[in-house]
Amino acid sequence: MSKNKNLYIETYGCQMNFSDSEIVSSIMLENDFRITDDITNADTIFINTCSIRENAEQRVRKRLKELNAQKRKNPNLKIGVLGCMAERLKDKLLEEELIIDLIAGPDSYRDLPKLINTVEAGQKAANVILSEEETYANINPVRISTNGVSAFISIMRGCQNYCSYCVVPYTRGKERSRDPESIVNEAQQLFDDGYREVTLLGQNVNSYRWENEYKLNFAGLLEKVALVNPLLRVRFATSHPKDISDELLKIIAKYENICNSIHLPIQSGSTKILKLMNRKYTREWYMNRIEAIKKIIPGCTISTDIISGFCTETEDDHQETLSIMNEVEYYYAFMFKYSERPGTMAAKKLKDDVPKETKSHRLKEIIDIQQKLSHQSNLNDLGKTFNVLIEGTSKKSDQELFGRNSENKVCVFPKENFKPGDYVKVKITKCTTATLIGESVGG
Ligand code: 5AD
Ligand code: SF4
C-alpha cells in the first residue's frame with residue numbers, strides 16, 4: 001500500500017492540463033498521497049504533458065533526462081507521465097524513456113491509484129484508453145498553487161473539429177460536455193470558499209451542449225454560472241469562431257459579471273490557408289463575428305492564436321494574416337510557428353514546405369505587429385476607470401497590488417488597505433505594452 005506518500009506534479013501545456021492536474025491531485029489525495037511542492041521530497045513525480053508542438057514534447061524529454069539524476073539518488077522514486085504525450089506515444093514512450101514507470105492518458109486518471117499499485121509491485125503500468133463519457137464531473141478538484149481568488153472549472157473535454165494541424169482530437173478524444181448541475185455547484189462552492197472569478201474551460205467551450213433530461217447550450221450554461229452571484233466573475237476559454245453566436249454575445253452583454261474579453265483563435269487571415277487548416281470558416285465569416293462582438297459588447301477585448309508558416313503559405317497569405325490583425329486590433333495574441341504533428345491530416349496530406357527561416361521571419365513580423373497593437377490598446381485606456389478584481393501583490397513592489405479588469409488586462413496600483421478578492425475602481429494613469437498602471441478611486 002502507498003500510505004502517506006509524497007506526490008509532486010509538474011504541468012506543461014494548456015489551462016486544461018493545469019485543471020487536469022487539480023483533478024489528479026484530488027484523486028491521489030483520496031488514495032493516501034500528499035501533494036508536495038518540494039520535488040526533492042517526492043516519492044512519486046507526475047509530469048502532465050503536452051503534445052501540441054514538437055518543442056512542447058522536447059521540453060518534457062529534456063526534463064525526463066534531468067530527473068534521471070534524482071532517480072539515481074532515490075531508486076524508489078516513481079515517475080509517471082500523464083496527458084497528451086502519454087496518449088500520443090503510448091507504449092512507445094515507456095520503451096524510449098526507461099526512467100518512466102507509468103503512463104496515463106487524459107481519460108484514465110481515475111485509474112491512477114491502481115496503476116501506482118502495479119508499479120509498486122514492480123511492474124510498469126499504462127492506461128491510455130480514451131473515453132466517450134469521462135468528464136470527471138463528480139471529482140472536486142484540489143486547487144493547487146491557487147491565489148484563492150480565481151479558479152478553473154473544466155466544463156467539457158475532447159475535440160472533434162479535426163483542424164488539420166492539430167493533435168488534440170487524437171490525444172483527448174471525442175467532445176463531451178459535463179453535467180451543468182455539477183458545474184454550477186462547483187462555481188457556488190468556489191464562491192462560498194471566497195473565490196471571486198471562475199474560468200470555464202474546454203478545448204471548444206462554446207460547443208458545450210447538454211442533451212439529457214433537458215437541453216442547454218453554452219449561452220445557457222454561462223447564464224446559469226453568472227447567476228451564482230453577481231460578485232463572481234465568469235470567463236471562458238477557448239472558443240471556436242464557428243460557435244460564437246449572437247445569442248452567446250447577448251448573454252455576455254447582459255450580465256455585468258461575465259467578462260468582456262473573448263479569446264477567438266483566427267490561426268490565419270487567408271481563406272485559402274483556413275480551408276487547408278480545416279477551420280470551417282472564411283476570413284469574411286470571422287470578420288463578421290468580430291463586428292458582431294464589437295457591436296453587441298462595446299469595449300470587449302479580443303485575443304487570438306496565430307500560426308505562421310502553415311503548409312503552402314505564401315507571402316500574400318502571410319500579408320493577409322498581418323492585415324486581419326490590424327483590422328481586428330487584438331489586445332493580445334499567442335503566436336506560433338507551424339510544427340508538423342505526426343498522425344494529423346496535415347502531416348498525412350500536406351507538405352510542410354515553408355522553410356524554417358521564412359516561418360521565423362514571418363513570426364517575427366506577426367509579433368512586432370502584436371506588440372504595437374497591445375501597446376495601442378493600452379494607450380487607449382489611459383484616463384479610463386475600471387473595476388479591478390485584486391489577485392495579489394505586484395511582482396515588482398510589495399507596496400503595489402495587481403488584478404484584472406473585465407477586459408482581462410492586468411492593472412497595477414498602490415496597495416492602500418485593499419486585499420486579494422476585493423473589487424476596486426482603478427483610474428489608469430500610465431501603461432506599458434503588457435500592463436495598465438493606475439490608482440484607486442474608491443472600492
Ligand atoms: N503547430 C503550431 N501551432 C499549433 N497550434 C495547434 N497545433 C499547432 C501546430 N501543429 C496552436 C494553435 C492553437 C494553439 C492552442 O496552438 O494556434 O490554437
Ligand atoms: Fe497541449 Fe493540446 Fe493537450 Fe492542451 S490539449 S496539453 S494544448 S496537446
# chains A, B, ... in the order shown; residues from 1 in each chain; ligands from 1
>>> residues_around(residues="Val142 of chain A", least_positions_apart="3", cutoff="10 Å", atoms="only C-alpha atoms", output="number ranges by chain")
A: 19, 21-27, 29, 35, 139, 145-146
>>> residues_near_ligand(ligand="ligand 2", cutoff="8 Å", atoms="only C-alpha atoms and all ligand atoms", output="list in words")
Tyr12, Gly13, Cys14, Gln15, Met16, Asn17, Asn48, Thr49, Cys50, Ser51, Ile52, Arg53, Ala56, Gly83, Cys84, Met85, Gly158, Cys166, Val167, Val168, Thr171, Arg172 and Gln203 of chain A
>>> residues_near_ligand(ligand="ligand 1", cutoff="9 Å", atoms="only C-alpha atoms and all ligand atoms", output="count of residues only")
35
>>> select_by_dssp(residues="segment 9-145 of chain A", states="alpha helix (DSSP H)", output="PyMOL selection string")
chain A and resi 15-29+54-73+84-89+91-96+112-120
>>> residues_around(residues="Val441 of chain A", least_positions_apart="6", cutoff="10 Å", atoms="only C-alpha atoms", output="MDAnalysis selection string")
chainID A and resid 385:387 424:427
>>> closest_residue(among="A:Ile129, A:Ile99, A:Leu64, A:Leu221", to="Glu87 of chain A", atoms="only C-alpha atoms")
A:Ile129
>>> residues_around(residues="Tyr8 of chain A", least_positions_apart="6", cutoff="7 Å", atoms="only C-alpha atoms", output="number ranges by chain")
A: 35-37, 39, 42, 44-46
>>> closest_atom_pairs(of="segment 194-245 of chain A", to="segment 390-402 of chain A", cutoff="12 Å", atoms="only C-alpha atoms", output="tab-separated table")
residue	atom	partner	partner_atom	distance
A:Tyr195	CA	A:Glu391	CA	10.2
A:Arg196	CA	A:Ile390	CA	9.4
A:Glu197	CA	A:Glu391	CA	9.8
A:Arg233	CA	A:Ile390	CA	11.9
>>> residues_around(residues="Glu284 of chain A", least_positions_apart="5", cutoff="10 Å", atoms="only C-alpha atoms", output="list in words")
Gly269, Ser270, Thr271, Arg289 and Ile290 of chain A
>>> write_last_selection(atoms="N, CA and C atoms", output="JSON list (two decimals), in the first residue's frame")
[["chain", "number", "residue", "atom", "x", "y", "z"],
["A", 269, "GLY", "N", -5.07, 34.64, -41.58],
["A", 269, "GLY", "CA", -6.00, 35.60, -42.18],
["A", 269, "GLY", "C", -6.37, 35.26, -43.61],
["A", 270, "SER", "N", -5.79, 34.18, -44.12],
["A", 270, "SER", "CA", -6.03, 33.81, -45.53],
["A", 270, "SER", "C", -7.08, 32.71, -45.62],
["A", 271, "THR", "N", -8.13, 32.97, -46.39],
["A", 271, "THR", "CA", -9.20, 31.97, -46.54],
["A", 271, "THR", "C", -8.66, 30.68, -47.15],
["A", 289, "ARG", "N", -18.10, 37.91, -37.36],
["A", 289, "ARG", "CA", -18.24, 37.63, -35.92],
["A", 289, "ARG", "C", -17.56, 38.72, -35.08],
["A", 290, "ILE", "N", -16.41, 39.21, -35.58],
["A", 290, "ILE", "CA", -15.71, 40.28, -34.85],
["A", 290, "ILE", "C", -16.59, 41.54, -34.81]]
>>> closest_residue(among="A:Leu102, A:Ile366, A:Leu389, A:Val354", to="Gly122 of chain A", atoms="only C-alpha atoms")
A:Leu102
>>> residues_around(residues="segment 372-380 of chain A", least_positions_apart="5", cutoff="8 Å", atoms="only C-alpha atoms", output="list in words")
Asn326, Glu329, Tyr330, Tyr331, Tyr332, Cys431, Thr432, Thr433, Ala434, Thr435 and Leu436 of chain A
>>> write_last_selection(atoms="N, CA, C and O atoms", output="PDB file, in the first residue's frame")
ATOM      1  N   ASN A 326      -4.475  43.804 -37.867  1.00  0.00           N
ATOM      2  CA  ASN A 326      -4.715  45.256 -37.776  1.00  0.00           C
ATOM      3  C   ASN A 326      -6.190  45.589 -37.814  1.00  0.00           C
ATOM      4  O   ASN A 326      -6.636  46.533 -37.166  1.00  0.00           O
ATOM      5  N   GLU A 329      -7.658  44.438 -34.357  1.00  0.00           N
ATOM      6  CA  GLU A 329      -6.989  45.131 -33.242  1.00  0.00           C
ATOM      7  C   GLU A 329      -6.977  44.266 -31.988  1.00  0.00           C
ATOM      8  O   GLU A 329      -7.505  44.654 -30.942  1.00  0.00           O
ATOM      9  N   TYR A 330      -6.373  43.089 -32.105  1.00  0.00           N
ATOM     10  CA  TYR A 330      -6.266  42.201 -30.946  1.00  0.00           C
ATOM     11  C   TYR A 330      -5.509  42.893 -29.826  1.00  0.00           C
ATOM     12  O   TYR A 330      -4.522  43.574 -30.071  1.00  0.00           O
ATOM     13  N   TYR A 331      -5.947  42.665 -28.583  1.00  0.00           N
ATOM     14  CA  TYR A 331      -5.185  43.258 -27.474  1.00  0.00           C
ATOM     15  C   TYR A 331      -4.084  42.301 -27.020  1.00  0.00           C
ATOM     16  O   TYR A 331      -3.164  42.690 -26.328  1.00  0.00           O
ATOM     17  N   TYR A 332      -4.201  41.025 -27.453  1.00  0.00           N
ATOM     18  CA  TYR A 332      -3.215  40.022 -27.046  1.00  0.00           C
ATOM     19  C   TYR A 332      -3.249  38.869 -28.045  1.00  0.00           C
ATOM     20  O   TYR A 332      -4.304  38.580 -28.619  1.00  0.00           O
ATOM     21  N   CYS A 431       0.856  53.271 -18.747  1.00  0.00           N
ATOM     22  CA  CYS A 431       0.796  51.879 -19.204  1.00  0.00           C
ATOM     23  C   CYS A 431       2.111  51.451 -19.832  1.00  0.00           C
ATOM     24  O   CYS A 431       2.928  52.289 -20.219  1.00  0.00           O
ATOM     25  N   THR A 432       2.306  50.130 -19.893  1.00  0.00           N
ATOM     26  CA  THR A 432       3.369  49.550 -20.719  1.00  0.00           C
ATOM     27  C   THR A 432       2.641  48.710 -21.773  1.00  0.00           C
ATOM     28  O   THR A 432       1.412  48.721 -21.834  1.00  0.00           O
ATOM     29  N   THR A 433       3.391  47.932 -22.541  1.00  0.00           N
ATOM     30  CA  THR A 433       2.742  47.070 -23.543  1.00  0.00           C
ATOM     31  C   THR A 433       1.868  46.025 -22.868  1.00  0.00           C
ATOM     32  O   THR A 433       0.820  45.643 -23.374  1.00  0.00           O
ATOM     33  N   ALA A 434       2.303  45.564 -21.677  1.00  0.00           N
ATOM     34  CA  ALA A 434       1.622  44.443 -21.046  1.00  0.00           C
ATOM     35  C   ALA A 434       0.736  44.826 -19.870  1.00  0.00           C
ATOM     36  O   ALA A 434      -0.088  44.019 -19.442  1.00  0.00           O
ATOM     37  N   THR A 435       0.897  46.040 -19.334  1.00  0.00           N
ATOM     38  CA  THR A 435       0.249  46.358 -18.058  1.00  0.00           C
ATOM     39  C   THR A 435      -0.351  47.756 -18.044  1.00  0.00           C
ATOM     40  O   THR A 435       0.226  48.691 -18.595  1.00  0.00           O
ATOM     41  N   LEU A 436      -1.491  47.854 -17.360  1.00  0.00           N
ATOM     42  CA  LEU A 436      -2.066  49.169 -17.078  1.00  0.00           C
ATOM     43  C   LEU A 436      -1.656  49.563 -15.656  1.00  0.00           C
ATOM     44  O   LEU A 436      -1.664  48.713 -14.756  1.00  0.00           O
TER      45      LEU A 436
END
>>> decode(residues="segment 219-232 of chain A", atoms="N, CA and C atoms", output="compact mmCIF listing (two decimals), in the first residue's frame")
# COMPACT_ATOMS: atom_id res chain seq x y z
N ALA A 219 -24.45 29.26 -24.14
CA ALA A 219 -25.03 30.54 -23.69
C ALA A 219 -25.86 30.30 -22.42
N GLY A 220 -26.64 29.21 -22.43
CA GLY A 220 -27.48 28.88 -21.28
C GLY A 220 -26.65 28.55 -20.05
N LEU A 221 -25.57 27.81 -20.26
CA LEU A 221 -24.71 27.44 -19.13
C LEU A 221 -24.05 28.69 -18.54
N LEU A 222 -23.55 29.55 -19.42
CA LEU A 222 -22.87 30.76 -18.98
C LEU A 222 -23.81 31.60 -18.11
N GLU A 223 -25.06 31.69 -18.54
CA GLU A 223 -26.05 32.46 -17.78
C GLU A 223 -26.25 31.84 -16.40
N LYS A 224 -26.36 30.52 -16.34
CA LYS A 224 -26.55 29.85 -15.05
C LYS A 224 -25.37 30.14 -14.11
N VAL A 225 -24.15 30.09 -14.65
CA VAL A 225 -22.98 30.32 -13.79
C VAL A 225 -22.94 31.79 -13.36
N ALA A 226 -23.32 32.69 -14.28
CA ALA A 226 -23.32 34.12 -13.94
C ALA A 226 -24.31 34.41 -12.81
N LEU A 227 -25.39 33.62 -12.77
CA LEU A 227 -26.42 33.86 -11.75
C LEU A 227 -26.04 33.32 -10.37
N VAL A 228 -24.92 32.60 -10.28
CA VAL A 228 -24.49 32.08 -8.97
C VAL A 228 -24.35 33.24 -8.00
N ASN A 229 -23.67 34.31 -8.43
CA ASN A 229 -23.57 35.51 -7.61
C ASN A 229 -23.01 36.65 -8.46
N PRO A 230 -23.59 37.85 -8.36
CA PRO A 230 -23.08 38.96 -9.19
C PRO A 230 -21.63 39.30 -8.87
N LEU A 231 -21.14 38.88 -7.69
CA LEU A 231 -19.74 39.18 -7.35
C LEU A 231 -18.77 38.12 -7.86
N LEU A 232 -19.32 37.07 -8.51
CA LEU A 232 -18.45 36.04 -9.09
C LEU A 232 -18.26 36.33 -10.57
